[in-house]
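Okay, target32.txt is below, compact mmCIF, C-alpha atoms:
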```txt
# COMPACT_ATOMS: atom_id res chain seq x y z
CA MET A 1 119.30 122.41 93.43
CA LYS A 2 119.15 125.39 95.78
CA GLN A 3 115.41 124.79 96.34
CA PHE A 4 116.11 121.15 97.12
CA PHE A 5 118.57 121.98 99.89
CA ILE A 6 116.19 124.59 101.29
CA LEU A 7 113.55 121.87 101.62
CA PHE A 8 116.06 119.64 103.37
CA SER A 9 116.87 122.32 105.92
CA VAL A 10 113.20 123.16 106.53
CA LEU A 11 112.20 119.54 107.13
CA LEU A 12 115.41 118.63 108.95
CA PHE A 13 115.90 115.64 106.70
CA THR A 14 118.66 113.27 107.71
CA GLU A 15 119.84 110.12 106.08
CA SER A 16 117.57 107.32 107.30
CA SER A 17 119.01 104.00 108.38
CA TYR A 18 117.44 100.70 109.13
CA HIS A 19 117.64 99.37 112.68
CA SER A 20 118.98 95.91 113.33
CA GLN A 21 116.69 93.14 114.50
CA THR A 22 118.41 93.32 117.89
CA LEU A 23 117.39 96.94 118.34
CA GLN A 24 113.85 96.15 117.20
CA ASN A 25 113.57 93.46 119.86
CA LYS A 26 114.63 95.94 122.55
CA ARG A 27 112.09 98.59 121.63
CA SER A 28 109.77 99.77 124.39
CA ALA A 29 106.01 100.07 124.19
CA THR A 30 106.37 103.72 123.21
CA ASP A 31 107.89 102.59 119.91
CA ASN A 32 104.78 100.79 118.70
CA VAL A 33 103.93 103.07 115.81
CA LYS A 34 103.28 101.55 112.41
CA ILE A 35 101.86 102.19 108.96
CA ILE A 36 99.29 99.77 107.58
CA ILE A 37 98.21 99.68 103.92
CA LEU A 38 94.45 100.21 103.68
CA GLY A 39 94.23 100.07 99.89
CA ASN A 40 96.25 100.32 96.69
CA VAL A 41 93.74 100.97 93.88
CA GLN A 42 93.13 104.17 91.89
CA ASP A 43 90.20 106.44 92.80
CA ALA A 44 87.35 104.62 91.03
CA GLY A 45 88.21 101.18 92.36
CA SER A 46 88.43 97.74 90.81
CA PRO A 47 86.28 96.67 89.08
CA GLN A 48 85.71 100.16 87.73
CA ILE A 49 82.27 101.45 86.80
CA GLY A 50 81.33 100.70 83.20
CA CYS A 51 84.40 98.56 82.52
CA ARG A 52 83.78 95.48 80.37
CA LYS A 53 87.43 94.73 79.70
CA GLU A 54 89.26 91.57 80.71
CA CYS A 55 90.63 93.31 83.81
CA CYS A 56 87.13 93.70 85.27
CA VAL A 57 84.77 91.23 83.66
CA ASP A 58 85.39 88.41 86.14
CA LEU A 59 85.48 90.78 89.11
CA TRP A 60 81.83 91.71 88.63
CA LYS A 61 80.87 88.13 89.47
CA HIS A 62 83.75 87.42 91.84
CA PRO A 63 84.83 90.61 93.67
CA GLN A 64 88.21 90.51 95.41
CA PRO A 65 88.07 91.89 98.96
CA ASP A 66 91.62 93.25 98.75
CA ARG A 67 90.69 95.70 95.96
CA LYS A 68 90.40 98.87 98.05
CA VAL A 69 91.18 102.43 96.99
CA SER A 70 94.62 103.79 97.89
CA SER A 71 94.99 104.81 101.54
CA LEU A 72 97.39 104.49 104.47
CA GLY A 73 96.63 104.05 108.16
CA VAL A 74 98.93 104.95 111.03
CA ILE A 75 98.51 103.14 114.36
CA ASP A 76 100.09 104.36 117.60
CA ASP A 77 99.53 101.52 120.04
CA GLU A 78 101.07 103.20 123.08
CA LEU A 79 98.98 106.38 122.78
CA GLN A 80 96.02 104.45 121.33
CA LYS A 81 95.76 106.83 118.39
CA ASN A 82 94.83 106.05 114.79
CA TYR A 83 95.18 108.18 111.66
CA ILE A 84 94.13 107.82 108.04
CA PHE A 85 95.80 109.28 104.99
CA ASP A 86 93.08 109.91 102.36
CA ALA A 87 89.39 109.23 102.95
CA THR A 88 88.40 107.05 100.01
CA PRO A 89 85.08 105.69 98.71
CA ASP A 90 86.05 102.53 100.66
CA PHE A 91 86.38 104.54 103.89
CA THR A 92 83.77 102.49 105.80
CA GLN A 93 85.58 99.18 105.36
CA GLN A 94 89.02 100.74 105.68
CA LEU A 95 88.20 102.41 108.99
CA GLN A 96 86.90 99.10 110.35
CA PHE A 97 90.04 97.33 109.10
CA LEU A 98 92.23 99.96 110.76
CA MET A 99 90.45 99.69 114.09
CA GLU A 100 90.60 95.90 114.09
CA HIS A 101 94.39 96.15 113.83
CA SER A 102 94.77 98.87 116.46
CA ALA A 103 95.31 98.80 120.22
CA ASP A 104 91.75 99.99 120.82
CA PRO A 105 89.47 98.08 118.40
CA LYS A 106 86.36 99.57 120.03
CA LYS A 107 87.25 103.10 118.92
CA ALA A 108 84.82 104.24 116.22
CA VAL A 109 86.55 107.24 114.65
CA PRO A 110 90.13 108.10 113.63
CA ASP A 111 92.06 110.70 115.60
CA GLY A 112 92.93 112.55 112.43
CA ILE A 113 92.51 112.38 108.65
CA PHE A 114 95.09 113.79 106.21
CA ILE A 115 93.89 114.57 102.67
CA THR A 116 96.27 114.73 99.70
CA HIS A 117 93.88 116.46 97.26
CA ALA A 118 90.33 116.87 95.97
CA HIS A 119 89.97 113.98 93.54
CA ILE A 120 87.19 111.52 94.29
CA GLY A 121 89.33 108.69 95.61
CA HIS A 122 91.02 110.85 98.22
CA TYR A 123 88.35 112.82 100.09
CA THR A 124 84.81 111.61 99.31
CA GLY A 125 84.90 109.04 102.12
CA LEU A 126 84.36 111.97 104.49
CA MET A 127 80.66 111.80 103.56
CA PHE A 128 80.26 108.77 105.83
CA LEU A 129 81.09 110.96 108.83
CA GLY A 130 77.93 113.03 108.21
CA LYS A 131 74.49 112.83 109.76
CA GLU A 132 73.34 110.21 107.26
CA GLY A 133 76.17 107.97 108.45
CA MET A 134 78.30 108.06 111.58
CA ASN A 135 77.33 111.61 112.55
CA SER A 136 80.81 112.00 114.04
CA LYS A 137 81.94 114.78 116.35
CA ASP A 138 84.96 117.03 115.77
CA VAL A 139 87.10 114.68 113.69
CA PRO A 140 90.29 116.61 112.72
CA VAL A 141 90.76 116.77 108.95
CA TYR A 142 94.10 118.19 107.79
CA THR A 143 93.94 120.01 104.47
CA MET A 144 95.82 122.50 102.37
CA PRO A 145 94.35 126.07 102.18
CA ARG A 146 92.37 125.70 98.93
CA LEU A 147 90.88 122.40 100.04
CA LYS A 148 89.89 123.85 103.41
CA GLU A 149 88.08 126.67 101.61
CA PHE A 150 86.46 124.13 99.27
CA PHE A 151 85.10 122.15 102.23
CA GLU A 152 83.83 125.24 104.01
CA ASN A 153 82.03 126.72 101.01
CA ASN A 154 80.65 123.79 99.02
CA GLY A 155 77.98 121.29 100.00
CA PRO A 156 77.70 118.62 101.16
CA TRP A 157 81.13 119.12 102.75
CA SER A 158 80.16 122.47 104.25
CA GLN A 159 77.45 120.68 106.22
CA LEU A 160 80.08 118.43 107.78
CA VAL A 161 81.88 121.57 108.92
CA ARG A 162 78.74 123.38 110.06
CA LEU A 163 77.54 120.42 112.12
CA ASN A 164 81.03 119.86 113.55
CA ASN A 165 81.25 116.37 112.11
CA ILE A 166 84.73 117.40 111.01
CA ILE A 167 87.08 120.23 111.94
CA PRO A 168 89.32 121.29 109.04
CA TYR A 169 92.87 122.17 110.06
CA GLU A 170 94.88 124.14 107.53
CA MET A 171 98.32 122.87 106.58
CA GLN A 172 101.09 124.87 104.96
CA ASN A 173 103.41 123.53 102.31
CA GLU A 174 106.61 122.00 103.74
CA THR A 175 105.64 122.96 107.30
CA PRO A 176 105.81 120.02 109.75
CA ILE A 177 102.79 119.29 111.94
CA LYS A 178 103.49 117.75 115.34
CA VAL A 179 100.49 115.43 115.54
CA ASN A 180 101.49 113.91 118.87
CA SER A 181 104.67 113.07 120.77
CA HIS A 182 105.37 110.14 118.39
CA LEU A 183 104.21 111.45 115.02
CA GLU A 184 105.10 114.36 112.74
CA VAL A 185 103.58 114.93 109.29
CA THR A 186 104.85 117.31 106.61
CA PRO A 187 102.90 118.08 103.41
CA ILE A 188 104.89 118.62 100.21
CA GLN A 189 103.10 120.09 97.21
CA VAL A 190 103.41 118.16 93.93
CA PRO A 191 102.31 118.96 90.36
CA HIS A 192 98.94 117.41 89.53
CA ARG A 193 95.50 118.35 88.17
CA ASP A 194 94.42 120.87 90.79
CA GLU A 195 90.84 121.67 89.81
CA TYR A 196 89.56 122.18 93.38
CA SER A 197 92.63 122.02 95.59
CA GLU A 198 96.37 121.76 95.81
CA THR A 199 97.90 118.28 95.64
CA VAL A 200 100.41 117.15 98.23
CA GLY A 201 102.38 114.14 99.27
CA PHE A 202 103.27 113.54 102.90
CA ILE A 203 106.40 112.78 104.87
CA ILE A 204 105.28 110.75 107.87
CA LYS A 205 107.86 110.69 110.65
CA GLY A 206 107.60 108.25 113.54
CA PRO A 207 109.87 107.61 116.54
CA HIS A 208 112.50 105.82 114.42
CA LYS A 209 111.60 105.88 110.74
CA LYS A 210 110.09 108.05 108.02
CA ALA A 211 107.79 107.34 105.09
CA LEU A 212 107.06 109.29 101.92
CA PHE A 213 103.52 108.99 100.50
CA ILE A 214 102.86 110.36 97.00
CA PRO A 215 99.86 108.55 95.48
CA ASP A 216 99.36 111.13 92.70
CA ILE A 217 101.81 113.21 90.69
CA ASP A 218 102.02 114.18 87.03
CA LYS A 219 105.55 113.23 85.97
CA TRP A 220 108.64 113.17 88.17
CA ASN A 221 110.48 115.60 85.90
CA LYS A 222 107.74 118.22 86.34
CA TRP A 223 108.52 118.48 90.05
CA LYS A 224 111.08 120.96 91.33
CA TYR A 225 112.63 118.28 93.57
CA HIS A 226 114.49 115.10 92.67
CA ILE A 227 112.50 112.08 93.80
CA THR A 228 115.64 109.91 93.90
CA ASP A 229 117.20 112.24 96.47
CA LEU A 230 114.05 112.19 98.61
CA ILE A 231 113.94 108.39 98.56
CA LYS A 232 117.38 108.37 100.20
CA THR A 233 116.06 110.38 103.17
CA VAL A 234 113.20 108.04 104.12
CA ASP A 235 112.78 104.40 105.06
CA TYR A 236 109.69 103.77 102.91
CA ALA A 237 108.50 105.52 99.74
CA PHE A 238 104.90 104.79 98.69
CA LEU A 239 104.82 106.17 95.16
CA ASP A 240 102.35 106.70 92.31
CA GLY A 241 102.12 103.52 90.25
CA THR A 242 98.80 104.27 88.52
CA PHE A 243 99.74 102.88 85.11
CA TYR A 244 102.32 100.21 84.41
CA ASP A 245 103.06 101.42 80.88
CA SER A 246 101.54 103.28 77.94
CA GLU A 247 99.65 100.22 76.65
CA GLU A 248 97.03 100.76 79.38
CA ILE A 249 96.10 104.23 78.15
CA GLY A 250 94.51 103.13 74.87
CA TYR A 251 92.52 105.92 73.26
CA ARG A 252 92.97 108.34 76.18
CA ASN A 253 95.41 111.25 75.99
CA ILE A 254 98.09 110.86 78.65
CA GLU A 255 98.19 114.67 78.91
CA ASP A 256 94.68 114.49 80.40
CA ILE A 257 95.69 111.89 83.01
CA PRO A 258 99.43 112.36 83.51
CA HIS A 259 101.17 109.94 85.84
CA PRO A 260 104.67 108.41 85.86
CA PHE A 261 104.41 104.95 84.34
CA VAL A 262 105.84 102.25 86.59
CA VAL A 263 108.30 101.32 83.85
CA GLU A 264 109.44 104.97 83.70
CA SER A 265 109.93 105.10 87.46
CA MET A 266 111.88 101.84 87.49
CA GLU A 267 114.11 103.20 84.72
CA LEU A 268 114.64 106.41 86.70
CA PHE A 269 115.46 104.44 89.85
CA LYS A 270 117.55 101.67 88.24
CA SER A 271 120.88 103.19 89.26
CA LEU A 272 119.91 103.33 92.95
CA PRO A 273 121.73 100.84 95.19
CA PRO A 274 119.60 97.87 96.30
CA GLU A 275 119.23 99.31 99.81
CA TYR A 276 117.33 102.28 98.35
CA LYS A 277 115.34 100.31 95.77
CA LYS A 278 113.86 98.15 98.50
CA ARG A 279 112.42 101.26 100.15
CA ILE A 280 110.15 101.88 97.14
CA PHE A 281 106.57 100.56 97.19
CA PHE A 282 104.34 101.31 94.22
CA ILE A 283 100.71 102.11 95.06
CA HIS A 284 97.51 103.65 93.57
CA PHE A 285 96.97 101.24 90.65
CA ASN A 286 94.44 101.85 87.90
CA HIS A 287 91.93 99.03 87.37
CA THR A 288 93.78 98.21 84.12
CA ASN A 289 97.13 97.81 85.88
CA LYS A 290 98.13 94.14 85.97
CA ILE A 291 100.26 94.80 89.04
CA LEU A 292 97.03 94.33 90.97
CA ASN A 293 97.46 90.61 90.28
CA PRO A 294 100.43 89.35 92.35
CA ASP A 295 100.97 86.51 89.86
CA SER A 296 101.16 88.74 86.79
CA ARG A 297 104.29 89.20 84.71
CA GLN A 298 104.25 92.91 85.60
CA SER A 299 104.20 92.22 89.35
CA LYS A 300 107.06 89.76 89.04
CA GLN A 301 109.11 92.24 87.01
CA VAL A 302 108.76 94.88 89.71
CA ILE A 303 109.98 92.45 92.37
CA GLU A 304 112.78 91.09 90.19
CA LYS A 305 114.11 94.61 89.68
CA GLY A 306 114.38 95.09 93.43
CA PHE A 307 111.25 97.18 94.08
CA ASN A 308 108.06 96.42 96.02
CA ILE A 309 104.29 96.59 95.65
CA ALA A 310 102.06 97.88 98.44
CA ARG A 311 99.20 95.49 99.21
CA LEU A 312 96.30 95.56 101.65
CA GLY A 313 97.36 94.74 105.20
CA ASP A 314 101.10 95.28 104.75
CA GLU A 315 102.60 96.79 107.93
CA PHE A 316 105.70 98.94 108.39
CA ASP A 317 107.31 100.04 111.65
CA LEU A 318 107.75 103.77 112.15
```

In C-alpha cells, write the structure found in this file.
Amino acid sequence: MKQFFILFSVLLFTESSYHSQTLQNKRSATDNVKIIILGNVQDAGSPQIGCRKECCVDLWKHPQPDRKVSSLGVIDDELQKNYIFDATPDFTQQLQFLMEHSADPKKAVPDGIFITHAHIGHYTGLMFLGKEGMNSKDVPVYTMPRLKEFFENNGPWSQLVRLNNIIPYEMQNETPIKVNSHLEVTPIQVPHRDEYSETVGFIIKGPHKKALFIPDIDKWNKWKYHITDLIKTVDYAFLDGTFYDSEEIGYRNIEDIPHPFVVESMELFKSLPPEYKKRIFFIHFNHTNKILNPDSRQSKQVIEKGFNIARLGDEFDL
C-alpha cells in the first residue's frame, strides 16, 4: 500500500466529483475539452484476418463502419488542438473522424500522439505519416524510453524520425506531462507482454475532469496498484475488456495472451457504489467478444450491472 500512496502524492490525485448540469451550462469557451472514442476493437480489428467463425463470417460481406481499433481522441476547441492516444491500423479514418469533430476540421495532423506500447494495434498507424503517405512534419509522438529507442533504431520507424515526420518525446513513468494549459497526461506502467517496449496506461487530466485509459494489461492482480482505488480518483476509466470470458479463448493458452476477462473485472468491481461503477467503460474488444454487438446478451449484462461500454463517437467532457 505504501507504493500506492506514493503514486497518489506524485500525481496529486484528488477525489474526482461530477459537476452539476448548472455548472456545465455556465462553462466558458476555455472549458471545451473533451475525449472522443475513435475505436474499441483489439489490435487486429473486426473482422480479423483468417477468421471464419460466426463472429466474422457475415462481416466479410457486410463490414460495419464502427469496427475500429481501440483509440481515444482529445479535442481542445478553445486552443484548437487535437491529440490521439494510440496510432492504430485504422489511423487514417480515425484522424479524419477526429478532425471532423474538432474546432478546426481543416487541420490535417494531430498536435500530439501518445503511444501505450509496441503491439501492432497501438503504434503501426504512424506509418501513414511517412513519405509514402502524409509526409508529415514534426508531429510530436510521446513514448516511453524503450519505445523511443525502438523507433530510432528500427526501420521503417527510424525513417520517420530521420525525415522529421515525427519527433519522439520521451516520457517517464508516473511523471506528468503538461501538454498545454488545459491538458496534462501522466503515463503509468502496467504489466503486459513487453517484447519491444514498456506498456503504459494514461491518466488524462483536463480543466475539470480526469480519465484513466488502460487498453492492455495482463491481470489486475499482477499490478502493484489497486485498480478499484484508481477508479475512485478519476471521472472516466476506459479499461481492458479484450475477452468477455474464458469461452472465447478456445484452444489458446491464456498465459500467452493474458487479459482480465470482463466477467472477472465486473466481479472485482461489484462492491463499488453505483457512482463509481458508472465511471467504468470497457474497451479494446477481441473480434470474438460479443460485447461488440450492442444487442448481445453480454452487452446487456454489462449495462445491467451498472457498467458501460465505449463505442465509436462517444464523447466525454474533460

Next on the checklist: For segment 145-154 of chain A, find every residue with an atom within 12 Å (counting all atoms listed in the file), except residues of its own chain fewer than 5 positions away, and show them as a ChimeraX atom specification.
Outcome noted: /A:114-119,122-124,126-127,140,159-164,166-173,187,189,194-200

Checklist entry - Taking into account all atoms listed in the file, which residue in the set A:Val33, A:Pro273, A:His208, A:Thr288 is nearest to Ser246 of chain A? => result A:Thr288

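If you look at atom CA of Ile35 of chain A and atom CA of Glu315 of chain A, they are 5.5 Å away from each other.
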
With all atoms of segment 103-114 of chain A from the file as input, state the centre and edge lengths in Å to one decimal of the axis-aligned box that has 3 Å extra on each side, as AutoDock Vina command-line options.
```
--center_x 90.1 --center_y 105.9 --center_z 113.5 --size_x 16.5 --size_y 21.7 --size_z 20.6
```

Checklist entry - By how many Å are atom CA of Gly39 of chain A and atom CA of Ile227 of chain A apart? => result 22.7 Å

Would you be able to write out as a CSV table (one decimal) with C-alpha atoms, in the coordinates of the input which residues have an atom within 9 Å of (99.3, 100.8, 122.3) in the file's coordinates, counting only C-alpha atoms?
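Okay, part_6.csv is ready:
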```csv
chain,number,residue,atom,x,y,z
A,29,ALA,CA,106.0,100.1,124.2
A,30,THR,CA,106.4,103.7,123.2
A,32,ASN,CA,104.8,100.8,118.7
A,33,VAL,CA,103.9,103.1,115.8
A,75,ILE,CA,98.5,103.1,114.4
A,76,ASP,CA,100.1,104.4,117.6
A,77,ASP,CA,99.5,101.5,120.0
A,78,GLU,CA,101.1,103.2,123.1
A,79,LEU,CA,99.0,106.4,122.8
A,80,GLN,CA,96.0,104.4,121.3
A,81,LYS,CA,95.8,106.8,118.4
A,102,SER,CA,94.8,98.9,116.5
A,103,ALA,CA,95.3,98.8,120.2
A,104,ASP,CA,91.8,100.0,120.8
```

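Picture a line from atom CA of Ala87 of chain A to atom CA of Lys277 of chain A; it runs 28.4 Å.
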
Next on the checklist: Around the point (101.7, 112.7, 90.0) (coordinates from the file), which residues reach within 10 Å if we count all atoms listed in the file? Answer as a list in words.
Outcome noted: Val190, Pro191, His192, Arg193, Thr199, Val200, Gly201, Ile214, Pro215, Asp216, Ile217, Asp218, Lys219, Trp220, Lys222, Trp223, Leu239, Asp240, Gly241, Thr242, Ile257, Pro258, His259, Pro260 and Phe261 of chain A

Next on the checklist: Applying 7 Å and only C-alpha atoms, which residues near Ile36 of chain A remain after dropping the ones on its own chain fewer than 4 positions away? List them as a ChimeraX atom specification.
Outcome noted: /A:72-74,313-316

Which segment 220-284 of chain A residues have any atom within 9 Å of an atom of segment 40-43 of chain A, and for each, what is the nearest pair of atoms with distance in Å to one decimal, counting all atoms listed in the file, rows sorted by chain and number, as CSV?
```
residue,atom,partner,partner_atom,distance
A:Thr242,CA,A:Gln42,CA,6.6
A:Phe282,CA,A:Asn40,CA,8.5
A:Ile283,CA,A:Asn40,CA,5.1
A:His284,CA,A:Val41,CA,4.6
```

Checklist entry - From the list A:Glu132, A:Tyr225, A:Ile37, A:Ile49, which residue is nearest Gln94 of chain A when using all atoms listed in the file? => result A:Ile37

Checklist entry - Which of these residues is nearest to Val139 of chain A, using all atoms listed in the file: A:Asn180, A:Asn82, A:Thr186, A:Thr92? => result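 Counting all atoms listed in the file, the residue closest to Val139 of chain A is A:Asn82.
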
Checklist outcome for this item: Counting only C-alpha atoms, closest pick from A:Lys53, A:Lys34, A:His182, A:Lys68 relative to Arg311 of chain A is A:Lys68

Next on the checklist: My list of candidates is A:Leu318, A:Asn286, A:Lys210, A:Leu312. Which is closest to Leu98 of chain A when distances are computed with only C-alpha atoms?
Outcome noted: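 Looking at the shortest contact to Leu98 of chain A, the residue is A:Leu312.
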
Next on the checklist: Please determine, counting only C-alpha atoms, which residue among A:Phe269, A:Asp245, A:Asn289, A:Val263 has the shortest atom-to-atom distance to Lys232 of chain A.
Outcome noted: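 Of A:Phe269, A:Asp245, A:Asn289, A:Val263, the one nearest Lys232 of chain A, counting only C-alpha atoms, is A:Phe269.
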
Saving segment 268-309 of chain A with C-alpha atoms, as a compact mmCIF listing (two decimals), in the first residue's frame, what would that file be?
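Contents of selection16.txt, as written:
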```txt
# COMPACT_ATOMS: atom_id res chain seq x y z
CA LEU A 268 -13.83 -7.33 -8.85
CA PHE A 269 -15.80 -4.10 -9.16
CA LYS A 270 -19.18 -5.40 -7.94
CA SER A 271 -18.82 -3.92 -4.46
CA LEU A 272 -18.19 -0.41 -5.80
CA PRO A 273 -21.04 2.07 -5.25
CA PRO A 274 -23.07 2.86 -8.38
CA GLU A 275 -21.42 6.29 -8.71
CA TYR A 276 -18.06 4.57 -9.29
CA LYS A 277 -19.37 1.74 -11.46
CA LYS A 278 -20.79 4.23 -13.94
CA ARG A 279 -17.30 5.66 -14.45
CA ILE A 280 -16.10 2.36 -15.95
CA PHE A 281 -16.14 1.90 -19.73
CA PHE A 282 -14.83 -1.35 -21.17
CA ILE A 283 -12.82 -1.02 -24.39
CA HIS A 284 -10.37 -2.95 -26.66
CA PHE A 285 -12.59 -5.92 -27.59
CA ASN A 286 -11.30 -9.00 -29.37
CA HIS A 287 -13.14 -9.88 -32.59
CA THR A 288 -14.68 -12.84 -30.72
CA ASN A 289 -16.10 -10.63 -27.96
CA LYS A 290 -19.89 -10.40 -28.28
CA ILE A 291 -19.84 -7.06 -26.48
CA LEU A 292 -19.10 -5.60 -29.91
CA ASN A 293 -22.78 -6.23 -30.66
CA PRO A 294 -24.86 -3.76 -28.60
CA ASP A 295 -27.83 -6.16 -28.73
CA SER A 296 -25.94 -9.17 -27.38
CA ARG A 297 -26.65 -10.79 -24.03
CA GLN A 298 -23.11 -9.90 -22.95
CA SER A 299 -23.56 -6.20 -23.72
CA LYS A 300 -26.85 -6.11 -21.85
CA GLN A 301 -25.30 -7.82 -18.82
CA VAL A 302 -22.56 -5.19 -18.62
CA ILE A 303 -25.14 -2.39 -18.66
CA GLU A 304 -27.46 -4.15 -16.22
CA LYS A 305 -24.61 -4.47 -13.72
CA GLY A 306 -24.08 -0.72 -13.81
CA PHE A 307 -21.03 -0.52 -16.11
CA ASN A 308 -20.59 0.96 -19.59
CA ILE A 309 -19.19 0.05 -22.99
```
